[in-house]
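Next up, entry.txt (compact mmCIF, C-alpha atoms):
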# COMPACT_ATOMS: atom_id res chain seq x y z
CA MET A 1 138.12 146.84 68.67
CA ILE A 2 137.79 144.84 65.47
CA GLN A 3 136.70 141.27 66.11
CA LYS A 4 138.38 138.35 64.41
CA PRO A 5 136.20 135.70 62.77
CA VAL A 6 135.81 132.48 64.70
CA ILE A 7 135.87 129.74 62.08
CA SER A 8 135.67 125.96 62.12
CA ALA A 9 138.77 123.80 61.85
CA THR A 10 137.52 122.67 58.42
CA GLU A 11 137.28 126.29 57.29
CA ALA A 12 140.78 126.87 58.68
CA ALA A 13 142.18 123.91 56.76
CA ALA A 14 140.56 125.24 53.56
CA LYS A 15 142.73 128.36 53.85
CA VAL A 16 145.89 126.28 53.44
CA ARG A 17 146.66 125.54 49.77
CA ASP A 18 148.69 122.78 48.18
CA GLY A 19 152.33 123.87 48.11
CA ASP A 20 152.04 126.40 50.96
CA VAL A 21 154.77 126.99 53.52
CA LEU A 22 153.13 126.09 56.83
CA MET A 23 154.38 126.96 60.29
CA VAL A 24 153.01 124.80 63.10
CA GLY A 25 153.47 125.78 66.75
CA GLY A 26 154.28 123.32 69.50
CA PHE A 27 157.11 121.31 70.98
CA ILE A 28 156.62 117.56 70.62
CA SER A 29 152.86 118.24 70.54
CA CYS A 30 152.90 120.41 73.69
CA GLY A 31 151.22 123.57 72.44
CA SER A 32 150.30 122.17 69.02
CA PRO A 33 147.04 123.13 67.26
CA GLN A 34 145.70 119.59 67.19
CA THR A 35 142.17 120.47 66.00
CA ILE A 36 143.44 122.24 62.87
CA ILE A 37 146.08 119.55 62.29
CA GLN A 38 143.34 116.95 62.20
CA ALA A 39 141.34 119.04 59.71
CA LEU A 40 144.43 119.36 57.49
CA LYS A 41 144.89 115.61 57.61
CA ASP A 42 141.24 115.08 56.66
CA LYS A 43 141.53 117.55 53.78
CA GLY A 44 144.75 115.94 52.54
CA THR A 45 146.55 119.16 51.54
CA LYS A 46 149.71 118.19 49.64
CA ASN A 47 153.22 119.36 48.77
CA MET A 48 153.45 121.69 51.74
CA THR A 49 156.68 122.83 53.38
CA LEU A 50 156.56 122.38 57.15
CA ILE A 51 158.37 124.65 59.58
CA CYS A 52 158.00 123.25 63.08
CA ASN A 53 160.33 122.61 66.01
CA ASP A 54 159.95 118.87 65.50
CA THR A 55 157.68 116.33 63.82
CA ALA A 56 156.15 115.04 67.07
CA ALA A 57 156.09 111.25 67.40
CA HIS A 58 155.61 108.28 65.14
CA ASP A 59 156.57 104.83 66.36
CA LEU A 60 156.73 102.53 63.32
CA LYS A 61 156.48 99.42 65.52
CA THR A 62 153.35 100.34 67.45
CA GLY A 63 151.94 102.67 64.81
CA LYS A 64 151.36 105.35 67.44
CA ILE A 65 151.41 108.84 65.92
CA THR A 66 151.00 112.23 67.57
CA GLY A 67 150.34 115.79 66.41
CA VAL A 68 151.95 116.98 63.21
CA GLY A 69 153.29 113.44 62.78
CA HIS A 70 149.86 112.61 61.29
CA LEU A 71 150.58 115.00 58.38
CA VAL A 72 154.06 113.53 57.90
CA ALA A 73 152.53 110.05 57.82
CA GLY A 74 150.06 111.26 55.18
CA ARG A 75 153.00 112.38 53.00
CA GLN A 76 151.60 115.92 52.98
CA PHE A 77 155.00 117.64 53.06
CA LYS A 78 157.59 117.82 50.31
CA LYS A 79 159.99 119.59 52.65
CA ILE A 80 160.38 119.65 56.43
CA ILE A 81 162.41 122.23 58.36
CA ALA A 82 162.79 121.17 62.01
CA SER A 83 165.32 120.88 64.83
CA HIS A 84 164.43 117.40 66.01
CA ILE A 85 162.88 114.33 64.39
CA GLY A 86 164.16 111.81 66.93
CA LEU A 87 160.74 110.68 68.13
CA ASN A 88 159.33 110.34 64.62
CA GLN A 89 160.74 107.26 62.90
CA GLU A 90 158.64 107.91 59.79
CA THR A 91 160.29 111.31 59.24
CA GLN A 92 163.69 109.64 59.56
CA ARG A 93 162.59 106.92 57.14
CA GLN A 94 161.42 109.49 54.57
CA LEU A 95 164.72 111.37 55.00
CA ASN A 96 166.90 108.28 54.61
CA ALA A 97 164.86 107.04 51.63
CA GLY A 98 165.20 110.43 49.95
CA GLU A 99 161.40 110.78 49.79
CA THR A 100 161.19 114.07 51.66
CA ASP A 101 163.65 116.95 51.86
CA VAL A 102 164.39 117.25 55.59
CA VAL A 103 166.48 120.20 56.77
CA LEU A 104 167.68 120.04 60.35
CA VAL A 105 168.20 123.41 62.00
CA PRO A 106 169.55 123.99 65.52
CA GLN A 107 166.60 124.86 67.75
CA GLY A 108 167.83 128.28 68.82
CA THR A 109 168.66 129.14 65.23
CA LEU A 110 165.21 128.00 64.11
CA ALA A 111 163.61 130.23 66.76
CA GLU A 112 165.70 133.23 65.69
CA ARG A 113 165.10 132.65 61.97
CA VAL A 114 161.34 132.57 62.55
CA ARG A 115 161.62 135.63 64.76
CA ALA A 116 163.72 137.43 62.13
CA GLY A 117 161.07 136.62 59.54
CA GLY A 118 158.43 138.23 61.73
CA VAL A 119 160.27 141.30 62.94
CA GLY A 120 161.75 142.61 59.72
CA LEU A 121 165.38 141.52 60.11
CA GLY A 122 167.47 140.42 57.16
CA GLY A 123 168.90 137.52 59.15
CA VAL A 124 170.74 136.79 62.36
CA LEU A 125 174.40 136.20 63.21
CA THR A 126 174.89 133.21 65.48
CA PRO A 127 177.90 131.21 66.67
CA THR A 128 175.73 128.08 66.78
CA GLY A 129 176.76 125.45 64.25
CA LEU A 130 180.19 126.87 63.39
CA GLY A 131 182.48 124.11 62.17
CA THR A 132 179.60 121.62 61.81
CA GLU A 133 177.49 120.49 58.84
CA VAL A 134 175.14 123.36 59.67
CA GLU A 135 177.80 125.78 58.37
CA HIS A 136 177.75 124.31 54.83
CA GLY A 137 176.79 126.82 52.17
CA LYS A 138 176.45 129.68 54.64
CA GLN A 139 178.26 132.97 54.91
CA VAL A 140 180.67 133.25 57.86
CA ILE A 141 180.93 136.81 59.13
CA THR A 142 183.56 138.19 61.50
CA VAL A 143 182.42 140.70 64.11
CA GLY A 144 185.27 141.93 66.28
CA ASP A 145 187.30 138.80 66.94
CA ARG A 146 184.42 136.36 66.74
CA LEU A 147 182.98 134.33 63.87
CA PHE A 148 179.28 133.99 63.22
CA LEU A 149 177.05 132.23 60.73
CA LEU A 150 174.59 134.34 58.79
CA GLU A 151 171.22 132.63 59.17
CA LEU A 152 168.38 133.87 56.98
CA PRO A 153 164.81 134.66 58.02
CA LEU A 154 161.95 132.19 57.66
CA LYS A 155 158.45 133.22 56.68
CA ALA A 156 155.32 131.23 55.94
CA ASP A 157 152.13 131.50 53.96
CA VAL A 158 150.14 130.24 56.92
CA ALA A 159 150.91 129.70 60.61
CA ILE A 160 148.66 127.53 62.73
CA ILE A 161 149.26 128.08 66.42
CA LYS A 162 147.72 127.10 69.75
CA ALA A 163 146.77 129.32 72.69
CA LYS A 164 145.17 128.65 76.05
CA LYS A 165 142.94 131.67 75.74
CA ALA A 166 142.06 134.19 73.05
CA ASP A 167 139.80 137.21 73.06
CA ARG A 168 137.71 138.09 70.03
CA ALA A 169 140.22 140.79 69.09
CA GLY A 170 142.83 138.06 68.68
CA ASN A 171 144.95 138.70 71.76
CA LEU A 172 146.47 135.40 72.92
CA VAL A 173 147.60 133.91 76.21
CA TYR A 174 149.59 130.68 76.29
CA ALA A 175 149.87 128.08 79.05
CA ALA A 176 153.18 127.06 80.65
CA THR A 177 155.60 125.39 78.21
CA ALA A 178 152.89 125.23 75.52
CA ARG A 179 154.10 128.72 74.55
CA ASN A 180 157.38 127.68 72.83
CA PHE A 181 157.36 128.63 69.10
CA ASN A 182 153.74 129.84 68.98
CA PRO A 183 154.33 133.57 69.62
CA LEU A 184 157.25 133.64 67.17
CA MET A 185 155.25 132.00 64.38
CA ALA A 186 152.34 134.37 65.03
CA MET A 187 154.56 137.18 63.70
CA ALA A 188 156.11 135.35 60.74
CA ALA A 189 153.24 134.27 58.48
CA SER A 190 150.97 136.05 55.99
CA LEU A 191 147.95 134.34 57.49
CA VAL A 192 147.75 133.34 61.14
CA ILE A 193 145.10 131.01 62.51
CA ALA A 194 145.07 130.58 66.27
CA GLU A 195 143.35 127.65 67.91
CA ALA A 196 142.34 128.47 71.48
CA GLU A 197 140.89 126.40 74.29
CA GLU A 198 138.85 129.35 75.45
CA ILE A 199 137.61 132.30 73.40
CA VAL A 200 136.43 135.27 75.47
CA GLU A 201 135.00 138.70 74.68
CA VAL A 202 137.10 141.77 73.98
CA GLY A 203 138.15 143.27 77.29
CA ASP A 204 138.09 139.98 79.17
CA ILE A 205 141.88 139.56 79.02
CA ASP A 206 143.96 141.97 81.09
CA PRO A 207 146.24 143.80 78.60
CA ASN A 208 149.14 143.07 80.99
CA GLU A 209 148.63 139.35 80.48
CA VAL A 210 148.67 139.29 76.66
CA HIS A 211 151.51 137.22 75.14
CA THR A 212 150.67 137.72 71.45
CA PRO A 213 149.16 141.07 70.41
CA SER A 214 145.85 140.87 68.53
CA ILE A 215 147.09 142.34 65.24
CA PHE A 216 149.09 139.21 64.43
CA VAL A 217 146.04 136.94 64.47
CA ASP A 218 143.65 136.70 61.50
CA PHE A 219 141.28 133.89 62.47
CA LEU A 220 140.32 132.01 65.62
CA VAL A 221 139.34 128.36 65.96
CA LYS A 222 137.88 126.83 69.10
CA ALA A 223 140.05 123.91 70.16
CA GLU A 224 138.13 120.67 70.25
CA ARG A 225 141.00 118.25 70.32
CA LEU A 226 143.71 118.78 72.94
CA GLU A 227 145.66 115.55 72.51
CA TRP A 228 146.28 113.54 69.43
CA MET B 1 188.90 93.56 86.86
CA GLU B 2 185.51 93.48 85.22
CA TYR B 3 183.67 96.42 83.67
CA VAL B 4 180.03 96.78 84.60
CA ALA B 5 178.21 99.70 82.97
CA ASN B 6 176.94 102.10 85.62
CA LYS B 7 174.94 105.20 84.66
CA ASP B 8 174.16 106.18 88.23
CA ILE B 9 177.79 106.76 89.12
CA ILE B 10 178.04 109.26 86.24
CA ALA B 11 174.97 111.11 87.44
CA LYS B 12 176.19 111.09 91.05
CA ARG B 13 179.54 112.59 90.16
CA ILE B 14 178.12 115.30 87.92
CA ALA B 15 175.60 116.25 90.61
CA ARG B 16 178.52 117.15 92.92
CA ILE B 17 179.94 119.70 90.47
CA PHE B 18 177.30 122.36 91.02
CA LYS B 19 176.79 125.02 93.68
CA SER B 20 173.60 126.74 94.75
CA GLY B 21 172.32 129.27 92.24
CA ASP B 22 173.91 127.66 89.21
CA VAL B 23 171.74 127.69 86.09
CA VAL B 24 171.89 124.18 84.64
CA ASN B 25 170.40 122.50 81.58
CA LEU B 26 170.20 118.71 81.76
CA GLY B 27 169.75 116.85 78.47
CA ILE B 28 167.21 114.09 77.99
CA GLY B 29 168.29 110.56 78.90
CA LEU B 30 171.35 109.90 81.06
CA PRO B 31 171.85 113.63 81.89
CA THR B 32 168.32 113.78 83.33
CA LEU B 33 169.43 111.29 86.02
CA VAL B 34 171.76 113.96 87.44
CA GLY B 35 168.75 115.72 88.94
CA ASN B 36 168.17 112.73 91.24
CA TYR B 37 171.51 113.15 93.02
CA VAL B 38 171.90 116.89 93.62
CA PRO B 39 172.78 117.30 97.35
CA GLU B 40 169.93 118.63 99.50
CA ASP B 41 171.81 121.78 100.46
CA VAL B 42 172.39 122.74 96.83
CA THR B 43 169.58 124.59 95.04
CA LEU B 44 169.95 124.68 91.28
CA ILE B 45 167.95 126.69 88.77
CA LEU B 46 167.19 124.13 86.09
CA GLN B 47 166.59 125.51 82.60
CA SER B 48 164.48 123.55 80.16
CA GLU B 49 164.96 124.67 76.58
CA ASN B 50 161.31 124.29 75.68
CA GLY B 51 160.75 127.39 77.78
CA MET B 52 161.14 127.26 81.54
CA LEU B 53 163.40 128.16 84.45
CA GLY B 54 162.78 126.32 87.70
CA LEU B 55 162.11 122.85 86.30
CA GLY B 56 160.81 120.63 89.07
CA PRO B 57 160.34 116.87 89.48
CA ALA B 58 157.76 114.75 87.69
CA PRO B 59 154.22 115.12 89.06
CA ALA B 60 152.38 112.35 90.87
CA LYS B 61 150.39 110.05 88.63
CA GLY B 62 147.06 111.63 87.79
CA GLU B 63 148.39 115.16 88.39
CA GLU B 64 150.01 115.63 84.97
CA ASN B 65 149.53 118.95 83.20
CA TRP B 66 150.15 118.33 79.50
CA ASP B 67 150.85 122.02 78.97
CA LEU B 68 153.85 121.63 81.29
CA THR B 69 156.47 119.26 79.94
CA ASN B 70 160.24 118.99 79.68
CA ALA B 71 162.17 118.97 76.40
CA GLY B 72 161.50 115.23 76.11
CA SER B 73 157.73 115.84 76.34
CA SER B 74 157.41 114.19 79.77
CA PRO B 75 155.13 115.96 82.25
CA VAL B 76 157.06 117.93 84.88
CA THR B 77 156.38 120.55 87.56
CA ILE B 78 157.71 124.04 88.13
CA ARG B 79 159.35 125.21 91.35
CA PRO B 80 158.21 128.34 93.21
CA GLY B 81 159.93 131.33 91.60
CA GLY B 82 160.11 129.59 88.23
CA CYS B 83 158.82 131.10 85.00
CA TYR B 84 157.93 130.35 81.38
CA PHE B 85 159.05 132.01 78.15
CA ASP B 86 159.04 131.48 74.39
CA SER B 87 161.71 129.61 72.42
CA ALA B 88 163.55 132.78 71.33
CA THR B 89 163.98 133.88 74.96
CA SER B 90 164.91 130.35 75.96
CA PHE B 91 167.72 130.23 73.44
CA GLY B 92 168.67 133.81 74.24
CA ILE B 93 169.33 132.52 77.75
CA ILE B 94 171.32 129.60 76.33
CA ARG B 95 173.25 131.29 73.52
CA GLY B 96 173.76 134.46 75.55
CA GLY B 97 175.95 132.71 78.10
CA HIS B 98 173.42 132.73 80.93
CA VAL B 99 173.50 128.97 81.46
CA ASP B 100 176.38 127.90 83.71
CA TYR B 101 176.41 124.19 82.91
CA THR B 102 174.94 122.06 80.18
CA VAL B 103 175.03 118.27 80.51
CA LEU B 104 174.67 116.32 77.27
CA GLY B 105 174.68 112.74 76.09
CA VAL B 106 177.38 111.37 73.79
CA LEU B 107 177.85 109.20 70.72
CA GLU B 108 181.52 110.19 70.47
CA VAL B 109 183.65 112.75 72.29
CA ASP B 110 187.28 113.45 71.45
CA GLN B 111 190.43 114.87 72.99
CA GLU B 112 190.01 118.16 71.11
CA GLY B 113 186.73 118.74 72.90
CA ASN B 114 184.58 117.85 69.91
CA LEU B 115 181.23 116.18 70.53
CA ALA B 116 179.09 114.08 68.19
CA ASN B 117 175.63 113.20 69.44
CA TYR B 118 172.96 114.03 66.86
CA LYS B 119 173.36 111.83 63.82
CA ILE B 120 174.65 108.54 62.43
CA PRO B 121 174.35 109.21 58.69
CA GLY B 122 171.95 106.88 56.90
CA LYS B 123 171.07 105.12 60.15
CA MET B 124 169.83 107.25 62.97
CA VAL B 125 169.10 110.92 62.46
CA PRO B 126 167.33 112.32 65.51
CA GLY B 127 168.50 115.88 64.86
CA MET B 128 170.41 118.28 67.05
CA GLY B 129 167.43 119.85 68.79
CA GLY B 130 168.94 122.40 71.16
CA ALA B 131 172.31 120.69 71.58
CA MET B 132 174.31 122.89 69.19
CA ASP B 133 173.09 126.07 70.88
CA LEU B 134 173.66 124.62 74.34
CA THR B 135 177.27 123.69 73.57
CA ALA B 136 177.93 127.00 71.80
CA GLY B 137 176.54 129.13 74.59
CA SER B 138 176.92 127.46 77.98
CA ARG B 139 179.80 128.43 80.25
CA VAL B 140 180.79 124.81 80.98
CA VAL B 141 179.92 121.89 78.70
CA ILE B 142 179.79 118.48 80.40
CA ALA B 143 179.60 115.33 78.30
CA ALA B 144 178.01 112.44 80.21
CA THR B 145 178.50 108.93 78.88
CA LEU B 146 179.12 105.31 79.61
CA HIS B 147 182.82 104.84 78.91
CA PHE B 148 182.35 101.97 76.49
CA GLU B 149 179.94 101.27 73.64
CA PRO B 150 178.12 97.93 73.75
CA SER B 151 180.80 96.69 71.29
CA GLY B 152 183.48 97.43 73.89
CA ALA B 153 184.96 100.39 72.02
CA SER B 154 185.68 103.52 74.02
CA ARG B 155 183.38 106.48 73.37
CA LEU B 156 186.38 108.72 74.08
CA LYS B 157 188.18 109.16 70.78
CA ARG B 158 191.28 110.78 69.36
CA ARG B 159 189.03 112.29 66.71
CA CYS B 160 185.27 112.02 66.28
CA THR B 161 184.23 110.34 63.05
CA LEU B 162 180.51 111.18 63.21
CA PRO B 163 179.10 114.60 62.25
CA LEU B 164 179.92 117.07 65.01
CA THR B 165 177.44 118.71 67.32
CA ALA B 166 180.10 120.90 68.95
CA VAL B 167 183.57 121.96 67.87
CA ARG B 168 186.13 122.31 70.70
CA GLN B 169 183.45 123.13 73.25
CA VAL B 170 183.49 120.20 75.66
CA ASN B 171 185.14 121.03 78.98
CA LEU B 172 184.49 117.93 81.09
CA VAL B 173 183.73 114.32 80.25
CA VAL B 174 182.28 112.18 83.03
CA THR B 175 182.10 108.46 82.36
CA ASP B 176 181.48 105.51 84.66
CA LEU B 177 185.27 105.14 84.99
CA GLY B 178 186.32 108.67 85.82
CA LEU B 179 186.19 112.42 85.37
CA PHE B 180 188.24 113.86 82.52
CA GLU B 181 189.06 117.47 81.76
CA VAL B 182 189.70 118.39 78.12
CA MET B 183 192.70 120.69 77.80
CA GLY B 184 195.26 121.30 75.04
CA ASP B 185 193.98 118.44 72.87
CA ARG B 186 194.32 115.90 75.66
CA PHE B 187 192.21 114.32 78.37
CA PHE B 188 193.39 114.98 81.94
CA LEU B 189 192.12 112.25 84.25
CA ARG B 190 191.16 114.22 87.37
CA GLU B 191 189.38 111.39 89.19
CA TYR B 192 189.00 107.65 88.82
CA PHE B 193 185.96 105.88 90.22
CA GLU B 194 185.52 102.93 92.55
CA HIS B 195 187.73 99.95 91.77
CA TYR B 196 189.15 101.18 88.45
CA THR B 197 192.74 102.46 88.38
CA PRO B 198 194.26 105.15 86.11
CA GLU B 199 196.44 102.47 84.48
CA TRP B 200 193.45 100.21 83.77
CA ILE B 201 191.54 103.12 82.24
CA LYS B 202 194.50 104.30 80.18
CA ALA B 203 195.19 100.81 78.80
CA ARG B 204 191.61 100.52 77.47
CA THR B 205 191.13 104.00 76.06
CA ASP B 206 192.99 104.81 72.85
CA VAL B 207 193.39 108.55 73.43
CA GLU B 208 195.99 110.92 74.91
CA ILE B 209 195.35 110.69 78.64
CA ILE B 210 197.45 112.66 81.11
CA ILE B 211 197.38 111.43 84.70
CA PRO B 212 198.29 114.46 86.80
CA ASN B 213 199.95 114.06 90.22
CA ASP B 214 196.79 115.14 92.00
CA CYS B 215 194.59 112.60 90.20
CA ARG B 216 192.48 111.04 92.93
CA ALA B 217 190.12 108.19 93.63
CA ALA B 218 186.47 109.03 94.09
CA THR B 219 183.96 106.75 95.78
CA PHE B 220 180.20 106.84 95.82
CA THR B 221 177.58 105.55 98.17

Is it possible to express this structure as structure tokens?
Amino acid sequence: MIQKPVISATEAAAKVRDGDVLMVGGFISCGSPQTIIQALKDKGTKNMTLICNDTAAHDLKTGKITGVGHLVAGRQFKKIIASHIGLNQETQRQLNAGETDVVLVPQGTLAERVRAGGVGLGGVLTPTGLGTEVEHGKQVITVGDRLFLLELPLKADVAIIKAKKADRAGNLVYAATARNFNPLMAMAASLVIAEAEEIVEVGDIDPNEVHTPSIFVDFLVKAERLEW
Amino acid sequence: MEYVANKDIIAKRIARIFKSGDVVNLGIGLPTLVGNYVPEDVTLILQSENGMLGLGPAPAKGEENWDLTNAGSSPVTIRPGGCYFDSATSFGIIRGGHVDYTVLGVLEVDQEGNLANYKIPGKMVPGMGGAMDLTAGSRVVIAATLHFEPSGASRLKRRCTLPLTAVRQVNLVVTDLGLFEVMGDRFFLREYFEHYTPEWIKARTDVEIIIPNDCRAATFT
């Protein structure tokens, strides 16, 4: 089995270019690739588009920031596509001030759009958001006697995701609710960098236990930072 | 008669709605309180949209597993028989009609069954998270809210003015005054709580409220 390169977080960050569309796994920092996020903050990559469930947390009063919120605080995104920004006051501030283009997408729709991007679908038909602001500018399609919104696929230049365990082939296993968007994003980006807490040899993960098949993963990074 | 805001009474009443085996999603905030009052002989399967069935109570201090959280990022536990899945499966469960009840918080709810709870334009924009999928897909949508805003205005409206989370999808509204069913563009007061009377409630809520003959008083310990 071909082995995937294990690279440093700094090397991983160097693979993300200014202006890239970046998918980041995790759900309010649970299952977020914190080591690579820190390297991206240190590198200062700019004008990216973020696709992430949420923008983690940023309390403007206490100054406490978590996860991908560090990149929002560093003004590294020109556009943010997320389902929830309620715990990140800085994202809301940038939205209200017109500084950053923030597109709110229902969480299930976001998951399906990312999935569609990864699995070769031209979009998905969903009843979610009918009659709300989410419908604006979208095609409404009737199937039988029901209405659906046509939601288009999302793809990225780079996805950075987080696993509990990886083998050198790139097979991934996630822990508990840290799975969330990670396996979907692993399929939807041109370049996929997986940060794992444990990296084991090929054959050390039971094929029955694999959540993300090896072929989706291009590079591995050993997780050094679990909370941020 | 004086109004004293009471979140626990809302949670207590909603907790009595379910039967064993129901798949239930409780929103963050007030809806989460419902879990504290589910009768001991009722076993629910709690769904958490970040990817779990069998959501259990918070762990003891020092026993937190930060890979195991609820949709509000608080550490939780999982009950025996529970399982984890990715976000696409989670919302397949939700959108596919496999959740029996969803309980959500409210900014405004109206007599047409519309719900607004994700945005006050220019002011507060938390985002809809999973709420639009939950209201679109769940079998029964329960809106849980204090009856009055801090200003004294009723959160039950003739027509929501804020951007909608859900269009004509709310089935039940439980406030700290009573339990309302939304039907035919009106609120049917099914139960009134504690010392409030249907007349007192109706006089302070500028919406179409029907008081059916079998409207009854409910008390809580």

* Asked: From the set B:Gly51, B:Gly122, B:Gly184, B:Pro212, which residue has the shortest atom-to-atom contact distance to Ser90 of chain B, counting only C-alpha atoms?
  ->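 Of B:Gly51, B:Gly122, B:Gly184, B:Pro212, the one nearest Ser90 of chain B is B:Gly51, counting only C-alpha atoms.
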
Counting all atoms listed in the file, give me one row per residue of chain A with an atom at most 8 Å from an atom of chain B, showing the shortest contact pair and its distance in Å to one decimal, sorted by chain then residue number, as a tab-separated table.
residue	atom	partner	partner_atom	distance
A:Phe27	CA	B:Asn50	CA	7.0
A:Ile28	CA	B:Ser73	CA	6.1
A:Ser29	CA	B:Ser73	CA	7.9
A:Cys30	CA	B:Asp67	CA	5.9
A:Gly31	CA	B:Asp67	CA	6.7
A:Ser83	CA	B:Gly129	CA	4.6
A:His84	CA	B:Gly127	CA	4.5
A:Ile85	CA	B:Pro126	CA	5.0
A:Gly86	CA	B:Pro126	CA	3.5
A:Leu87	CA	B:Pro126	CA	7.3
A:Gln92	CA	B:Val125	CA	6.3
A:Asn96	CA	B:Gly122	CA	5.7
A:Leu104	CA	B:Gly127	CA	6.2
A:Val105	CA	B:Met128	CA	7.5
A:Pro106	CA	B:Gly129	CA	5.7
A:Gln107	CA	B:Gly130	CA	4.8
A:Gly108	CA	B:Phe91	CA	5.0
A:Thr109	CA	B:Asp133	CA	7.8
A:Ala111	CA	B:Ala88	CA	5.2
A:Glu112	CA	B:Ala88	CA	6.1
A:Arg115	CA	B:Ala88	CA	7.4
A:Pro127	CA	B:Ala136	CA	6.6
A:Thr128	CA	B:Asp133	CA	5.3
A:Gly129	CA	B:Met132	CA	6.1
A:Leu130	CA	B:Val167	CA	7.5
A:Gly131	CA	B:Val167	CA	6.2
A:Thr132	CA	B:Leu164	CA	5.6
A:Glu133	CA	B:Pro163	CA	7.0
A:Ala175	CA	B:Asp67	CA	6.1
A:Ala176	CA	B:Leu68	CA	5.5
A:Thr177	CA	B:Leu68	CA	5.2
A:Ala178	CA	B:Asp67	CA	5.1
A:Arg179	CA	B:Asp86	CA	5.7
A:Asn180	CA	B:Asp86	CA	4.4
A:Phe181	CA	B:Ser87	CA	5.6
A:Asn182	CA	B:Asp86	CA	7.7
A:Pro183	CA	B:Asp86	CA	7.0
A:Leu184	CA	B:Ala88	CA	7.6

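The residue that comes closest to Ile210 of chain B, out of B:Thr32, B:Gln47, B:Ser20, B:Gln111 and on the basis of all atoms listed in the file, is B:Gln111.
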
* **atom CA of Leu177 of chain B to atom CA of Asn213 of chain B, straight-line distance in Å** => 18.0 Å

* So which residues touch His70 of chain A within 12 Å, counting only C-alpha atoms, skipping near sequence neighbours fewer than 2 positions away, as a PyMOL selection string? -> chain A and resi 29+34-42+44+55-59+63-68+72-77+88+90-91+228

* Distance query 7 Å from (160.5, 117.3, 56.2) using all atoms listed in the file, result as a ChimeraX atom specification -> /A:50,77-81,91,100-103

* **Pick from B:Leu107, B:Ala203, B:Ile28, B:Ile142, whichever lies nearest to Ile120 of chain B using only C-alpha atoms** =>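 Result for the nearest residue to Ile120 of chain B: B:Leu107.
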
* To do: Pick out the residues sitting within 10 Å of Glu63 of chain B, and hand them over as an MDAnalysis selection string; count only C-alpha atoms, and ignore anything fewer than 4 positions along from it in its own chain.
  => chainID B and resid 58:59 75:77

* **A:Ile199, A:Ala9, A:Met185, A:Ile141 ranked by distance to Ala116 of chain A, top pick (using only C-alpha atoms)** =>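 Ranking A:Ile199, A:Ala9, A:Met185, A:Ile141 by distance to Ala116 of chain A, first place goes to A:Met185.
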
* Could you tell me how far atom CA of Lys15 of chain A lies from atom CA of Ile160 of chain A, in Å and to one decimal? =>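 If I compute the distance from atom CA of Lys15 of chain A to atom CA of Ile160 of chain A, I get 10.7 Å.
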
* Asked: To one decimal place, how far is atom CA of Thr142 of chain A from atom CA of Leu125 of chain A in Å?
  ->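 Between atom CA of Thr142 of chain A and atom CA of Leu125 of chain A the gap works out to 9.5 Å.
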
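Residues in contact with Val158 of chain A at 8 Å, where all atoms listed in the file are counted and same-chain residues fewer than 2 positions away are skipped, are listed as Val16, Asp20, Val21, Leu22, Met23, Ala156, Ile160, Ala189, Ser190, Leu191, Val192 and Ile193 of chain A.
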
Using the file's own x, y and z axes, what box holds all listed atoms of segment 30-42 of chain B with 8 Å on each side, keeping edges along x, y and z, and what are its centre and edge lengths in Å to one decimal, as AutoDock Vina command-line options?
--center_x 170.5 --center_y 116.3 --center_z 90.8 --size_x 20.6 --size_y 28.8 --size_z 35.4

* Counting all atoms listed in the file, figure out which residue out of A:Gly170, A:Pro33, A:Gly203, A:Pro153 gets nearest to Val119 of chain A. =>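 Closest to Val119 of chain A of all the choices is A:Pro153.
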
* To do: Identify which of the residues A:Val173, A:Ile7, A:Met187, A:Leu152 lies closest to Leu121 of chain A, counting all atoms listed in the file when measuring atom-to-atom distances.
  => A:Leu152

* To do: Using all atoms listed in the file, determine which residues lie at most 10 Å from Ala194 of chain A, disregarding the query and same-chain residues fewer than 2 positions distant; provide the list as an MDAnalysis selection string.
  => chainID A and resid 6 12 25 33 36 159:166 170:172 182 186 191:192 196:197 216:223
